[in-house]
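Novice: Take this structure, written in structure tokens, and hold onto it; I'll ask about it next.
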Amino acid sequence: EAGVAQSPRYKIIEKRQSVAFWCNPISGHATLYWYQQILGQGPKLLIQFQNNGVVDDSQLPKDRFSAERLKGVDSTLKIQPAKLEDSAVYLCASSAGTGYYGYTFGSGTRLTVV
Amino acid sequence: GDSVTQMEGPVTLSEEAFLTINCTYTATGYPSLFWYVQYPGEGLQLLLKATKADDKGSNKGFEATYRKETTSFHLEKGSVQVSDSAVYFCALTPSSGTYKYIFGTGTRLKVLA
């Protein structure tokens, strides 16, 4: 079974630039999550989708972050404009339902804002 | 709000040593508790879980017991190997049923041959 695919693996941008990350979840997984993992901290949930609807985006900085899930499958997370404090690993995860069964994380995209 | 606190690392052990990584939590009700492991360059992998008080989760020689009276979920392994070198995260999901993981800050384990 293929895992959760994310791209790119690494990205370096200057502050105030924009950036987008892509995630392809495991086939058939209805729920998709984006987490932010700052160095030295545990991952923090940014947004949760159920199919193509948003379930929880309470910790998403909506003034600069946006996310969408196209046709309930792939998802993109965008930051515009980026700040230095956005430097982190952005993890995508998916699960079959609303529980933890089959909850699988991707390898992440490491963003460095300079 | 709900939170997880785990011991700071790095933890450095010799091969075959006994491992304990402490984890305590703050949550209302009865959360589910998890240990995840992150090997270098890889994604987070579920190591073990416990969904109710006194449950013991186990996998690959690792164990953790859900202790509600001490709000703890300490990770233990009797004899570590070099291949266990990784970052270990304690996490919970709230009893409200949402599967929004709340993670601790992670503990890096380095095992020396």
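Residues in the structure tokens are numbered from 1 in each chain, the chains being A, B, ... in the order shown, and ligands are numbered from 1 in the order shown.
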Once you count only C-alpha atoms, which residues of chain A turn out to be within 6 Å of chain B? Could you give them as JSON, numbers by chain?
Specialist: {"A": [41, 42, 99, 105, 106, 107]}
Novice: List as a count of residues only the protein and nucleic acid residues near range 64-77 of chain A, meaning an atom at most 12 Å away when only C-alpha atoms are counted, but skip any in the same chain fewer than 5 places from it.
Specialist: 50
Novice: With only C-alpha atoms as the counted atoms, please give the residues lying no more than 7 Å from Val113 in chain A, apart from itself and same-chain residues fewer than 5 positions off, as an MDAnalysis selection string.
Specialist: chainID A and resid 12:15 83:84 86:87
Novice: List as a list of chain:residue names the protein and nucleic acid residues near Leu75 in chain B, meaning an atom at most 9 Å away when only C-alpha atoms are counted, but skip any in the same chain fewer than 5 places from it.
Specialist: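 The residues that qualify are B:Leu19, B:Thr20, B:Ile21, B:Asn22, B:Cys23, B:Trp35, B:Phe62, B:Glu63, B:Ala64, B:Thr65, B:Cys90.
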Novice: Find the residue from B:Thr51, B:Ser85, B:Ser72, B:Ser79 that sits nearest to Thr12 in chain B; use only C-alpha atoms when measuring.
Specialist: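 Smallest distance to Thr12 in chain B is found for B:Ser85.
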Novice: Out of B:Ala50, B:Leu13, B:Tyr25, B:Pro94, which residue has the shortest atom-to-atom distance to Gln81 in chain B when counting only C-alpha atoms?
Specialist: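 Of B:Ala50, B:Leu13, B:Tyr25, B:Pro94, the one nearest Gln81 in chain B is B:Leu13, counting only C-alpha atoms.
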Novice: Have a look at CA of Ala53 in chain B and CA of Tyr36 in chain B and let me know their distance in Å, one decimal.
Specialist: 19.0 Å
Novice: Looking only at helix (DSSP H, G or I) from DSSP on the backbone, list the matching residues of chain A as a ChimeraX atom specification.
Specialist: /A:70-72,84-86
